[in-house]
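A.B. asks: What follows is my_file_34.txt; its format and atoms are compact mmCIF, C-alpha atoms.
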# COMPACT_ATOMS: atom_id res chain seq x y z
CA MET H 100 20.56 11.77 10.64
CA LYS H 101 22.79 12.67 7.75
CA LEU H 102 22.64 14.80 4.64
CA LYS H 103 21.90 13.04 1.39
CA LYS H 104 24.81 12.75 -1.00
CA GLY H 105 24.97 11.80 -4.65
CA VAL H 106 26.89 8.69 -5.61
CA ARG H 107 29.06 8.54 -8.70
CA ALA H 108 29.44 5.40 -10.77
CA LEU H 109 32.31 3.53 -9.16
CA SER H 110 33.92 0.17 -9.41
CA LEU H 111 33.29 -2.19 -6.52
CA LEU H 112 36.85 -1.75 -5.26
CA LEU H 113 36.46 2.00 -5.09
CA VAL H 114 33.04 1.69 -3.46
CA MET H 115 34.49 -0.51 -0.77
CA ALA H 116 37.50 1.75 -0.33
CA LEU H 117 35.24 4.71 0.26
CA MET H 118 33.18 2.75 2.74
CA THR H 119 36.31 1.83 4.62
CA ALA H 120 36.97 5.51 5.16
CA MET H 121 33.47 6.23 6.46
CA LEU H 122 33.67 6.11 10.27
CA VAL H 123 30.86 6.93 12.66
CA PRO H 124 32.11 8.59 15.85
CA ALA H 125 31.57 6.63 19.03
CA VAL H 126 28.91 8.02 21.35
CA SER H 127 29.98 9.22 24.78
CA ALA H 128 29.40 7.00 27.80
CA ASP H 129 27.01 9.44 29.50
CA LYS H 130 24.28 8.33 27.08
CA ILE H 131 24.11 4.71 28.21
CA ASN H 132 22.83 4.70 31.77
CA TYR H 133 19.34 3.20 32.09
CA ASN H 134 19.81 2.19 35.72
CA ASP H 135 21.54 3.83 38.66
CA ASN H 136 23.16 0.47 39.34
CA LEU H 137 25.66 0.48 36.47
CA SER H 138 26.03 -3.32 36.55
CA ILE H 139 22.37 -3.96 35.64
CA PRO H 140 21.53 -3.58 31.93
CA LEU H 141 18.16 -2.55 30.51
CA ILE H 142 17.51 -6.19 29.48
CA ASN H 143 19.27 -8.72 31.69
CA ILE H 144 19.03 -12.32 30.50
CA GLU H 145 19.82 -14.17 33.70
CA GLY H 146 23.41 -15.37 33.99
CA THR H 147 24.37 -14.32 30.44
CA THR H 148 24.53 -10.50 30.22
CA GLU H 149 27.48 -8.24 31.03
CA LYS H 150 27.00 -4.48 30.92
CA LEU H 151 29.96 -2.41 29.68
CA GLU H 152 30.98 1.22 29.66
CA THR H 153 31.72 2.71 26.25
CA ASP H 154 34.67 4.79 27.46
CA GLN H 155 36.50 1.53 28.16
CA ILE H 156 36.00 0.25 24.60
CA LYS H 157 38.66 1.09 22.03
CA ALA H 158 36.77 -0.28 19.04
CA ASP H 159 34.71 1.98 16.77
CA LEU H 160 31.21 0.94 17.84
CA LYS H 161 29.34 2.78 15.04
CA ILE H 162 26.18 3.27 17.09
CA GLN H 163 23.35 5.14 15.40
CA SER H 164 23.65 8.73 16.69
CA THR H 165 19.90 9.19 17.24
CA ILE H 166 19.79 6.42 19.87
CA GLU H 167 20.06 8.79 22.80
CA LYS H 168 20.04 6.20 25.54
CA TYR H 169 21.30 2.62 25.41
CA ASP H 170 23.24 -0.03 27.26
CA LEU H 171 26.29 -1.69 25.72
CA VAL H 172 26.50 -5.39 26.59
CA LEU H 173 28.17 -8.71 25.91
CA PHE H 174 26.12 -11.91 25.95
CA ASP H 175 27.02 -15.50 26.71
CA ILE H 176 25.36 -16.63 23.48
CA PRO H 177 26.06 -20.38 23.92
CA LYS H 178 24.33 -20.36 27.33
CA ILE H 179 21.31 -18.45 25.98
CA ARG H 180 21.01 -20.99 23.15
CA ASP H 181 21.29 -23.89 25.60
CA ASP H 182 18.63 -22.40 27.90
CA ILE H 183 16.21 -21.92 25.01
CA PHE H 184 16.85 -25.38 23.53
CA LYS H 185 16.47 -27.03 26.94
CA ASP H 186 13.55 -25.17 28.51
CA GLY H 187 11.91 -22.96 25.89
CA GLU H 188 12.11 -20.15 28.43
CA LEU H 189 14.46 -17.38 29.50
CA ALA H 190 14.54 -15.65 32.87
CA VAL H 191 14.84 -11.93 32.08
CA CYS H 192 14.89 -8.67 33.97
CA ILE H 193 13.54 -5.78 31.87
CA ASP H 194 13.71 -2.24 33.16
CA GLY H 195 14.28 -3.54 36.68
CA LYS H 196 11.42 -6.07 36.73
CA ASN H 197 11.73 -9.86 36.53
CA TYR H 198 9.86 -11.95 33.97
CA SER H 199 9.82 -15.40 32.45
CA MET H 200 9.90 -15.24 28.65
CA THR H 201 8.34 -18.27 26.98
CA LEU H 202 9.59 -19.00 23.45
CA LYS H 203 8.42 -21.21 20.61
CA GLU H 204 10.47 -21.76 17.47
CA LEU H 205 9.10 -19.90 14.48
CA PRO H 206 9.33 -21.31 10.94
CA VAL H 207 11.30 -18.78 8.89
CA ASN H 208 13.83 -20.30 6.52
CA ASP H 209 13.53 -22.67 3.61
CA LYS H 210 14.88 -26.18 4.10
CA GLY H 211 18.61 -26.25 4.79
CA VAL H 212 18.98 -22.44 5.08
CA ASN H 213 20.96 -21.12 8.08
CA PRO H 214 20.44 -24.27 10.20
CA ASP H 215 22.40 -22.80 13.12
CA THR H 216 20.31 -19.61 13.31
CA HIS H 217 16.97 -19.96 15.07
CA SER H 218 14.01 -17.62 15.45
CA TYR H 219 11.41 -17.67 18.19
CA THR H 220 8.21 -15.94 19.15
CA GLY H 221 6.71 -15.78 22.60
CA ASN H 222 5.56 -13.60 25.46
CA LEU H 223 6.23 -12.67 29.05
CA LYS H 224 4.28 -14.93 31.39
CA GLY H 225 1.34 -13.18 32.98
CA VAL H 226 1.79 -9.96 31.01
CA GLU H 227 -1.15 -9.16 28.75
CA ASN H 228 -0.35 -8.11 25.16
CA SER H 229 3.37 -8.78 25.59
CA ASN H 230 5.23 -10.25 22.63
CA SER H 231 8.80 -11.24 21.80
CA VAL H 232 10.47 -12.05 18.50
CA LEU H 233 14.04 -13.28 18.91
CA THR H 234 16.67 -14.55 16.47
CA ILE H 235 19.89 -16.11 17.67
CA SER H 236 22.91 -17.44 15.78
CA LYS H 237 26.14 -18.84 17.25
CA SER H 238 27.38 -15.30 17.97
CA VAL H 239 24.53 -12.81 17.55
CA LEU H 240 21.23 -12.08 19.29
CA ILE H 241 18.55 -9.83 17.74
CA ALA H 242 15.30 -9.26 19.63
CA SER H 243 12.18 -7.12 19.83
CA ILE H 244 10.17 -7.24 23.05
CA ILE H 245 6.80 -5.49 23.39
CA LEU H 246 5.96 -4.78 27.03
CA ASN H 247 3.22 -2.45 28.30
CA GLY H 248 2.97 -0.80 24.91
CA GLU H 249 6.71 -0.08 24.70
CA GLU H 250 9.25 -1.78 22.44
CA TYR H 251 12.63 -2.90 23.80
CA CYS H 252 15.32 -3.88 21.29
CA ILE H 253 18.51 -5.90 21.30
CA ASP H 254 20.76 -5.36 18.28
CA SER H 255 24.28 -6.41 17.38
CA LEU H 256 27.16 -4.11 16.44
CA SER H 257 29.86 -4.84 13.89
CA ALA H 258 32.64 -4.54 16.51
CA THR H 259 33.90 -7.38 18.71
CA ASP H 260 35.98 -7.63 21.87
CA SER H 261 39.49 -9.09 21.90
CA SER H 262 38.06 -12.61 22.14
CA GLY H 263 35.84 -12.13 19.10
CA ASN H 264 32.59 -11.76 21.07
CA LYS H 265 30.06 -9.43 19.44
CA TYR H 266 29.11 -6.20 21.17
CA HIS H 267 25.35 -5.63 21.42
CA ILE H 268 23.21 -2.67 22.41
CA GLU H 269 19.89 -2.59 24.26
CA TYR H 270 17.50 0.34 24.03
CA LYS H 271 13.88 1.45 23.99
CA VAL H 272 12.46 2.57 20.65
CA ASN H 273 11.05 5.63 22.44
CA ASP H 274 14.62 6.66 23.26
CA VAL H 275 15.51 7.09 19.60
CA LYS H 276 15.40 10.79 18.74
CA ILE H 277 13.15 11.79 15.84
CA GLU H 278 14.96 14.17 13.49
CA GLY H 279 14.16 15.48 10.03
CA ASN H 280 10.88 16.04 8.18
CA TYR H 281 8.53 13.59 6.52
CA ILE H 282 8.50 14.06 2.76
CA TYR H 283 4.75 13.68 2.47
CA GLY H 284 3.65 14.89 5.90
CA ILE H 285 1.77 12.95 8.56
CA GLU H 286 -1.91 12.28 8.01
CA ASP H 287 -4.23 12.47 10.97
CA TYR H 288 -6.63 9.91 9.57
CA LEU H 289 -9.31 7.68 11.06
CA ALA H 290 -11.22 6.67 7.94
CA HIS H 291 -13.88 4.51 9.58
CA THR H 292 -15.60 7.69 10.81
CA GLU H 293 -16.63 8.27 7.17
CA MET H 294 -19.00 5.27 7.27
CA SER H 295 -22.54 5.21 8.61
CA ASP H 296 -23.46 2.93 11.52
CA GLU H 297 -25.58 0.81 9.18
CA GLU H 298 -22.75 0.33 6.70
CA MET H 299 -20.42 -0.62 9.53
CA ARG H 300 -22.98 -3.17 10.80
CA ILE H 301 -23.25 -4.78 7.36
CA ARG H 302 -19.50 -4.95 6.90
CA ASN H 303 -18.99 -6.45 10.36
CA GLU H 304 -21.56 -9.14 9.55
CA GLN H 305 -19.66 -9.94 6.37
CA ALA H 306 -16.44 -10.14 8.35
CA ASN H 307 -18.01 -12.59 10.80
CA ILE H 308 -18.95 -14.86 7.90
CA GLU H 309 -15.34 -14.75 6.70
CA GLU H 310 -14.15 -15.67 10.19
CA GLU H 311 -16.45 -18.70 10.38
CA GLU H 312 -14.84 -20.06 7.21
CA LYS H 313 -11.29 -19.87 8.57
CA ALA H 314 -11.33 -23.26 10.28
CA SER H 315 -11.39 -25.00 6.90
CA ARG H 316 -8.53 -22.98 5.44
CA SER H 317 -4.92 -24.12 5.34
CA THR H 318 -1.63 -22.27 5.67
CA ALA H 319 0.06 -21.05 2.48
CA TYR H 320 3.85 -21.19 2.14
CA VAL H 321 5.46 -18.41 0.11
CA ARG H 322 9.16 -18.59 -0.75
CA ILE H 323 10.94 -15.26 -0.44
CA LEU H 324 14.46 -14.48 -1.71
CA VAL H 325 16.13 -11.95 0.61
CA MET H 326 18.95 -10.07 -1.10
CA THR H 327 21.30 -7.19 -0.29
CA ASP H 328 24.32 -5.30 -1.60
CA ALA H 329 27.97 -5.06 -0.58
CA LYS H 330 27.31 -1.80 1.24
CA TRP H 331 25.02 -3.32 3.87
CA ILE H 332 27.21 -6.40 4.20
CA TYR H 333 30.20 -4.14 4.84
CA ASP H 334 28.33 -1.94 7.30
CA GLU H 335 26.73 -4.86 9.14
CA PRO H 336 28.38 -8.25 8.74
CA ASP H 337 25.49 -9.79 10.72
CA TRP H 338 23.04 -8.83 7.97
CA GLN H 339 21.65 -12.36 7.58
CA VAL H 340 20.69 -12.62 11.25
CA LYS H 341 19.10 -9.15 11.13
CA ALA H 342 17.28 -10.05 7.91
CA GLN H 343 16.06 -13.33 9.41
CA ASN H 344 14.65 -11.46 12.40
CA ILE H 345 12.76 -9.11 10.05
CA ILE H 346 11.24 -12.09 8.23
CA SER H 347 10.51 -13.65 11.62
CA GLN H 348 8.47 -10.60 12.56
CA ALA H 349 6.61 -10.91 9.26
CA ASN H 350 5.81 -14.55 10.05
CA ASN H 351 4.80 -13.57 13.59
CA GLN H 352 2.09 -11.45 11.97
CA PHE H 353 1.31 -13.67 8.97
CA GLY H 354 0.88 -16.67 11.24
CA ARG H 355 -2.28 -15.20 12.79
CA SER H 356 -5.51 -17.12 12.17
CA ASP H 357 -6.89 -14.44 9.84
CA ILE H 358 -3.85 -14.48 7.51
CA GLN H 359 -2.29 -17.98 7.64
CA ILE H 360 0.94 -17.55 5.69
CA TYR H 361 4.51 -18.57 6.34
CA LEU H 362 7.32 -16.98 4.41
CA LEU H 363 10.17 -19.42 3.73
CA ALA H 364 13.32 -17.36 3.30
CA THR H 365 16.58 -17.86 1.46
CA TYR H 366 19.35 -15.28 1.87
CA ASP H 367 21.38 -14.45 -1.22
CA SER H 368 24.46 -12.22 -1.42
CA SER H 369 25.60 -13.44 -4.84
CA LYS H 370 24.55 -10.15 -6.49
CA ALA H 371 25.92 -7.94 -3.70
CA GLY H 372 29.03 -6.79 -5.56
CA GLU H 373 27.15 -6.32 -8.81
CA LEU H 374 24.57 -4.11 -7.07
CA ALA H 375 27.32 -2.09 -5.34
CA THR H 376 28.95 -1.23 -8.65
CA ASP H 377 25.59 0.20 -9.78
CA ALA H 378 25.20 2.47 -6.76
CA GLN H 379 24.61 5.55 -8.93
CA ASN H 380 21.39 4.04 -10.25
CA ILE H 381 20.40 2.45 -6.96
CA VAL H 382 20.25 5.77 -5.12
CA GLN H 383 17.99 7.20 -7.84
CA ASN H 384 15.78 4.19 -8.62
CA PRO H 385 16.49 1.30 -6.26
CA LEU H 386 13.60 -0.96 -7.19
CA ASP H 387 14.03 -0.91 -10.98
CA THR H 388 17.80 -1.20 -10.60
CA PHE H 389 17.32 -4.26 -8.40
CA ILE H 390 14.95 -5.81 -10.94
CA SER H 391 17.43 -5.15 -13.75
CA HIS H 392 20.08 -7.18 -11.90
CA VAL H 393 17.80 -9.95 -10.64
CA SER H 394 15.70 -11.36 -13.47
CA PRO H 395 12.52 -13.42 -13.08
CA SER H 396 14.45 -16.43 -14.39
CA TYR H 397 16.94 -15.91 -11.54
CA LEU H 398 14.07 -15.90 -9.02
CA ASN H 399 12.76 -19.09 -10.59
CA SER H 400 16.20 -20.69 -10.39
CA LYS H 401 16.04 -20.05 -6.63
CA SER H 402 12.48 -21.41 -6.41
CA ALA H 403 11.36 -18.00 -5.13
CA ASP H 404 7.86 -16.59 -5.45
CA ILE H 405 8.90 -13.07 -4.40
CA ALA H 406 12.11 -11.16 -3.64
CA ILE H 407 12.91 -8.34 -1.24
CA TYR H 408 16.04 -6.18 -1.60
CA LEU H 409 17.30 -4.90 1.74
CA GLY H 410 19.30 -1.99 0.37
CA GLY H 411 22.38 -0.59 2.05
CA TYR H 412 22.24 2.76 0.20
CA ASP H 413 20.27 5.87 1.08
CA CYS H 414 17.93 6.62 -1.82
CA THR H 415 18.33 10.29 -2.75
CA ASN H 416 15.20 10.41 -4.93
CA PRO H 417 12.26 11.53 -2.75
CA ASP H 418 9.77 9.86 -5.10
CA TRP H 419 10.91 6.45 -3.80
CA GLY H 420 10.86 7.15 -0.05
CA VAL H 421 12.40 4.32 2.01
CA GLY H 422 10.67 1.39 0.33
CA ALA H 423 8.79 0.48 -2.84
CA THR H 424 7.03 -2.24 -4.80
CA TYR H 425 4.88 -2.22 -7.92
CA GLY H 426 2.36 -4.13 -5.86
CA TYR H 427 -0.01 -7.02 -6.37
CA ASP H 428 -2.22 -5.05 -8.80
CA SER H 429 0.63 -4.26 -11.20
CA ASN H 430 -0.09 -5.00 -14.85
CA ASN H 431 3.49 -6.21 -15.17
CA ALA H 432 3.41 -9.86 -14.13
CA THR H 433 7.14 -9.97 -13.39
CA LYS H 434 7.65 -6.66 -11.56
CA LYS H 435 4.90 -7.48 -9.05
CA ARG H 436 7.23 -10.09 -7.52
CA TYR H 437 9.83 -7.58 -6.26
CA GLY H 438 10.17 -5.19 -3.33
CA TRP H 439 12.83 -2.89 -1.87
CA SER H 440 13.26 -1.44 1.60
CA GLN H 441 16.08 0.79 2.79
CA MET H 442 18.41 -0.34 5.55
CA ALA H 443 20.41 2.91 5.54
CA ASP H 444 19.77 6.05 7.57
CA ASP H 445 17.65 8.71 5.85
CA PRO H 446 17.33 12.51 6.29
CA SER H 447 13.64 11.96 7.13
CA PRO H 448 12.81 10.65 10.63
CA TYR H 449 13.48 7.12 9.29
CA ASP H 450 16.57 5.69 11.03
CA ALA H 451 18.82 2.67 10.51
CA ILE H 452 17.35 0.99 13.60
CA HIS H 453 15.69 -2.40 13.77
CA HIS H 454 12.18 -1.06 14.32
CA ASP H 455 12.17 1.24 11.28
CA ARG H 456 13.81 -1.36 9.03
CA THR H 457 11.29 -4.00 10.08
CA VAL H 458 8.28 -1.72 9.60
CA ALA H 459 9.49 -0.64 6.15
CA THR H 460 10.07 -4.24 5.05
CA LEU H 461 6.76 -5.59 6.38
CA HIS H 462 5.05 -2.60 4.74
CA GLU H 463 6.46 -3.50 1.32
CA ILE H 464 5.83 -7.23 1.75
CA GLY H 465 2.24 -6.30 2.56
CA HIS H 466 1.95 -4.50 -0.80
CA LEU H 467 3.08 -7.69 -2.56
CA PHE H 468 -0.10 -9.28 -1.16
CA ASP H 469 -2.27 -6.23 -2.04
CA ALA H 470 -2.36 -4.61 1.40
CA ASP H 471 -2.78 -0.87 0.91
CA HIS H 472 -2.24 2.46 2.67
CA GLN H 473 -4.86 4.25 4.75
CA ASP H 474 -6.43 5.96 1.71
CA GLY H 475 -7.15 2.58 0.10
CA MET H 476 -7.82 1.63 -3.51
CA GLN H 477 -11.03 3.18 -4.73
CA ALA H 478 -10.88 2.73 -8.51
CA ALA H 479 -13.38 0.56 -10.36
CA ASN H 480 -13.10 -3.15 -9.56
CA GLN H 481 -10.62 -2.51 -6.75
CA GLU H 482 -11.14 -3.40 -3.10
CA SER H 483 -12.21 -0.73 -0.62
CA TYR H 484 -11.49 -2.66 2.58
CA ASN H 485 -7.73 -3.31 2.25
CA ARG H 486 -6.72 -0.17 4.18
CA ALA H 487 -4.25 0.54 6.93
CA TYR H 488 -5.67 1.62 10.30
CA GLN H 489 -4.86 4.03 13.10
CA TRP H 490 -6.10 3.67 16.67
CA ASN H 491 -5.69 5.16 20.12
CA SER H 492 -5.24 2.84 23.09
CA GLY H 493 -3.46 5.37 25.28
CA SER H 494 -1.19 6.46 22.44
CA ILE H 495 -1.73 6.84 18.70
CA THR H 496 -0.58 3.71 16.84
CA GLN H 497 -0.68 2.75 13.16
CA SER H 498 -0.83 -0.59 11.40
CA VAL H 499 2.25 -1.53 9.40
CA VAL H 500 1.09 -0.46 5.91
CA TRP H 501 0.39 3.08 7.12
CA ALA H 502 2.23 5.75 5.14
CA PRO H 503 4.68 7.18 5.94
CA VAL H 504 6.70 4.90 8.24
CA LEU H 505 6.40 6.41 11.72
CA ARG H 506 8.14 5.58 14.98
CA SER H 507 4.65 4.84 16.37
CA THR H 508 3.87 2.32 13.60
CA SER H 509 3.30 -1.21 14.86
CA TYR H 510 4.20 -4.48 13.12
CA GLU H 511 0.52 -5.52 12.83
CA TYR H 512 -1.53 -5.55 9.66
CA SER H 513 -4.98 -3.99 10.10
CA SER H 514 -7.62 -6.59 10.90
CA ASN H 515 -11.26 -6.80 11.82
CA ASP H 516 -10.17 -9.28 14.52
CA TYR H 517 -7.91 -6.92 16.49
CA ASN H 518 -6.95 -3.42 15.33
CA GLY H 519 -9.15 -2.47 12.41
CA ASP H 520 -12.65 -3.09 11.11
CA TYR H 521 -14.15 -4.40 7.89
CA TYR H 522 -13.30 -1.13 6.17
CA HIS H 523 -9.66 -1.43 7.38
CA ASN H 524 -8.71 -5.06 6.94
CA ASN H 525 -5.34 -5.61 5.27
CA ALA H 526 -5.25 -9.06 6.90
CA LEU H 527 -8.32 -10.19 4.95
CA ARG H 528 -6.86 -9.04 1.63
CA ILE H 529 -3.49 -10.68 2.35
CA HIS H 530 -5.31 -13.91 3.17
CA GLN H 531 -7.30 -13.71 -0.07
CA THR H 532 -4.22 -13.21 -2.27
CA ARG H 533 -1.84 -15.58 -0.49
CA ASN H 534 -2.37 -18.60 -2.77
CA VAL H 535 -1.94 -16.45 -5.87
CA VAL H 536 1.41 -15.13 -4.59
CA ALA H 537 2.43 -18.66 -3.55
CA SER H 538 1.92 -19.77 -7.17
CA TYR H 539 4.25 -17.17 -8.75
CA PHE H 540 6.88 -19.87 -9.08
Write out the structure in this file as structure tokens.
C.D. replies:
Amino acid sequence: MKLKKGVRALSLLLVMALMTAMLVPAVSADKINYNDNLSIPLINIEGTTEKLETDQIKADLKIQSTIEKYDLVLFDIPKIRDDIFKDGELAVCIDGKNYSMTLKELPVNDKGVNPDTHSYTGNLKGVENSNSVLTISKSVLIASIILNGEEYCIDSLSATDSSGNKYHIEYKVNDVKIEGNYIYGIEDYLAHTEMSDEEMRIRNEQANIEEEEKASRSTAYVRILVMTDAKWIYDEPDWQVKAQNIISQANNQFGRSDIQIYLLATYDSSKAGELATDAQNIVQNPLDTFISHVSPSYLNSKSADIAIYLGGYDCTNPDWGVGATYGYDSNNATKKRYGWSQMADDPSPYDAIHHDRTVATLHEIGHLFDADHQDGMQAANQESYNRAYQWNSGSITQSVVWAPVLRSTSYEYSSNDYNGDYYHNNALRIHQTRNVVASYF
């Protein structure tokens, strides 16, 4: 983690000059060994993965310091792409065990956007409750693999070898050290215990009626403009691939039968420099600053229903946390189209790792469709069922709109169909609002 620092108003050139001077020390090689056999990485994609030792690498790897254990690897990206295109499967060895990963292409981008970058969802054959979301470009691989309740990640680094091949790291989310304090504390909350058995029975009957109607419902397509600033582009040149994988995870959840949405993404860096020159305001009020630079008419010119700002700056104002929207219920018809989530490290336990970034972004996207936190919306004429959920299936896990963002938070939205009940059913509310959001433009 790092201490928060104020940012003065600077020109873009000075901002970039300062960023050039900011170097993250490389982590020592004794932190990388997952396997006694040093040639076998944590995730070995058959015939394509070479494990490296960090003490042999001269480049500044800029690996997040809280990742206490990881493997540094190089991939044969062209071969991985060919294997997926040809067979729709990858032979993988994860934590010393062999699996076959089946993959199906996932709709993510709007027509003509990033045609050489593909996203997939799938599972490990024969492994119950396994799931994979993978995004691959011509040089970068980003992946999240859920196996036996544990998340394994593949992420790219900004550094390359002498031939221009991208370095990647592989790690378990549980091997990322939790440092810092949550601003608002952690709520030990299982709200369904507040309801009587009879009320639960009635609500479950209502949910079953909703489920019977699903067969006649169609998928809604919502166009999302994904934007960032020069800071995140500088820190992570692969930002578009990382962003696409985040949206892929959103579609992996939204594509469920009880939600039925596909986000169609466009990635826009045209305001990146402009946002960087306004860093002083971004770190104090990132959402309103974003809105001030990206007008509703600009969204309309991009045929976008909603926009998400993946911000490269650490917000120093605790009132904003690591993500924000005005939400679906906002009285301001234009502001309800915007969201922000932080890509930078934070002094709280939130880290600049793929899991935390994805949870924060899916959390804010959920708010744009009126999904709410665990305490719900209880005012007059507001829904009481669109709540986040917490459950225990061997370990405590939260649905994605739980507040605050925790390392144990999943990517799922609460649902009466899987993890939730009628009183905790963000999926139902998202489904109900999807056509309204799809009509913003």
A.B. asks: If we count only C-alpha atoms, what is near Leu246 in chain H at a cut-off of 12 Å, once residues fewer than 6 positions away on the same chain are taken out, given as a JSON list (two decimals) with C-alpha atoms, in the coordinates of the input?
C.D. replies:
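Output file result-v3.json is given in full below:
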[["chain", "number", "residue", "atom", "x", "y", "z"],
["H", 142, "ILE", "CA", 17.51, -6.19, 29.48],
["H", 192, "CYS", "CA", 14.89, -8.67, 33.97],
["H", 193, "ILE", "CA", 13.54, -5.78, 31.87],
["H", 194, "ASP", "CA", 13.71, -2.24, 33.16],
["H", 196, "LYS", "CA", 11.42, -6.07, 36.73],
["H", 198, "TYR", "CA", 9.86, -11.95, 33.97],
["H", 200, "MET", "CA", 9.90, -15.24, 28.65],
["H", 221, "GLY", "CA", 6.71, -15.78, 22.60],
["H", 222, "ASN", "CA", 5.56, -13.60, 25.46],
["H", 223, "LEU", "CA", 6.23, -12.67, 29.05],
["H", 224, "LYS", "CA", 4.28, -14.93, 31.39],
["H", 225, "GLY", "CA", 1.34, -13.18, 32.98],
["H", 226, "VAL", "CA", 1.79, -9.96, 31.01],
["H", 227, "GLU", "CA", -1.15, -9.16, 28.75],
["H", 228, "ASN", "CA", -0.35, -8.11, 25.16],
["H", 229, "SER", "CA", 3.37, -8.78, 25.59],
["H", 230, "ASN", "CA", 5.23, -10.25, 22.63],
["H", 231, "SER", "CA", 8.80, -11.24, 21.80],
["H", 252, "CYS", "CA", 15.32, -3.88, 21.29],
["H", 271, "LYS", "CA", 13.88, 1.45, 23.99],
["H", 272, "VAL", "CA", 12.46, 2.57, 20.65]]
A.B. asks: What is the distance, in Å and to one decimal place, between CA of Arg506 in chain H and CA of Asn524 in chain H?
C.D. replies: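 Those two atoms sit 21.5 Å apart.
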A.B. asks: List as an MDAnalysis selection string the protein and nucleic acid residues near Gln531 in chain H, meaning an atom at most 12 Å away when only C-alpha atoms are counted, but skip any in the same chain fewer than 2 places from it.
C.D. replies: chainID H and resid 309 313 316:319 357:360 427 468:470 482 485 524:529 533:537
A.B. asks: Calculate how many Å separate CA of Leu233 in chain H from CA of Pro336 in chain H, rounding to one decimal.
C.D. replies: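 Between CA of Leu233 in chain H and CA of Pro336 in chain H the gap works out to 18.3 Å.
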A.B. asks: Each side padded by 6 Å, which centre and which edge lengths in Å (one decimal) define the axis-aligned box around the listed atoms of range 499-515 of chain H? Give them as JSON.
C.D. replies:
{"center_x": -1.6, "center_y": 0.2, "center_z": 10.8, "size_x": 31.4, "size_y": 26.0, "size_z": 23.2}
A.B. asks: Under the rule that only C-alpha atoms are counted, which of H:Leu151, H:Val499, H:Ile332, H:Leu160 is the nearest residue to Val172 in chain H?
C.D. replies: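 For Val172 in chain H, the nearest of the candidates is H:Leu151.
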A.B. asks: As an exercise, work out the distance from CA of Thr148 in chain H to CA of Thr457 in chain H in Å and give it to one decimal place.
C.D. replies: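 Rounded to one decimal, the two atoms are 25.0 Å apart.
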A.B. asks: Need the shell around Pro395 in chain H: protein/DNA/RNA residues with any atom at most 12 Å away, counting all atoms listed in the file. Skip same-chain ones fewer than 6 positions apart. Format as an MDAnalysis selection string?
C.D. replies: chainID H and resid 324 389 401:406 431:437 539:540
A.B. asks: Find the residues with any atom within 12 Å of (12.5, -0.5, 11.7); use all atoms listed in the file and the coordinates as given in the file, and write the answer as a ChimeraX atom specification.
C.D. replies: /H:243,250,252,254,272,275,341-342,344-345,348,409,421-422,440-444,448-462,499,504-510
A.B. asks: Could you complete range 394-402 of chain H so that it carries N, CA, C and O atoms, and give it back as a compact mmCIF listing (two decimals), in the frame of the given file?
C.D. replies:
# COMPACT_ATOMS: atom_id res chain seq x y z
N SER H 394 16.76 -11.08 -12.51
CA SER H 394 15.70 -11.36 -13.47
C SER H 394 14.68 -12.35 -12.90
O SER H 394 14.98 -13.08 -11.94
N PRO H 395 13.49 -12.40 -13.50
CA PRO H 395 12.52 -13.42 -13.08
C PRO H 395 13.06 -14.84 -13.21
O PRO H 395 12.76 -15.70 -12.38
N SER H 396 13.87 -15.09 -14.23
CA SER H 396 14.45 -16.43 -14.39
C SER H 396 15.40 -16.75 -13.23
O SER H 396 15.52 -17.91 -12.81
N TYR H 397 16.07 -15.69 -12.70
CA TYR H 397 16.94 -15.91 -11.54
C TYR H 397 16.09 -16.26 -10.32
O TYR H 397 16.44 -17.19 -9.56
N LEU H 398 14.97 -15.55 -10.12
CA LEU H 398 14.07 -15.90 -9.02
C LEU H 398 13.61 -17.35 -9.16
O LEU H 398 13.59 -18.10 -8.18
N ASN H 399 13.24 -17.73 -10.37
CA ASN H 399 12.76 -19.09 -10.59
C ASN H 399 13.85 -20.13 -10.31
O ASN H 399 13.58 -21.20 -9.78
N SER H 400 15.09 -19.76 -10.64
CA SER H 400 16.20 -20.69 -10.39
C SER H 400 16.41 -20.91 -8.89
O SER H 400 16.98 -21.93 -8.49
N LYS H 401 15.95 -19.95 -8.09
CA LYS H 401 16.04 -20.05 -6.63
C LYS H 401 14.74 -20.53 -6.01
O LYS H 401 14.58 -20.50 -4.78
N SER H 402 13.80 -20.94 -6.87
CA SER H 402 12.48 -21.41 -6.41
C SER H 402 11.75 -20.37 -5.56
O SER H 402 11.03 -20.70 -4.61
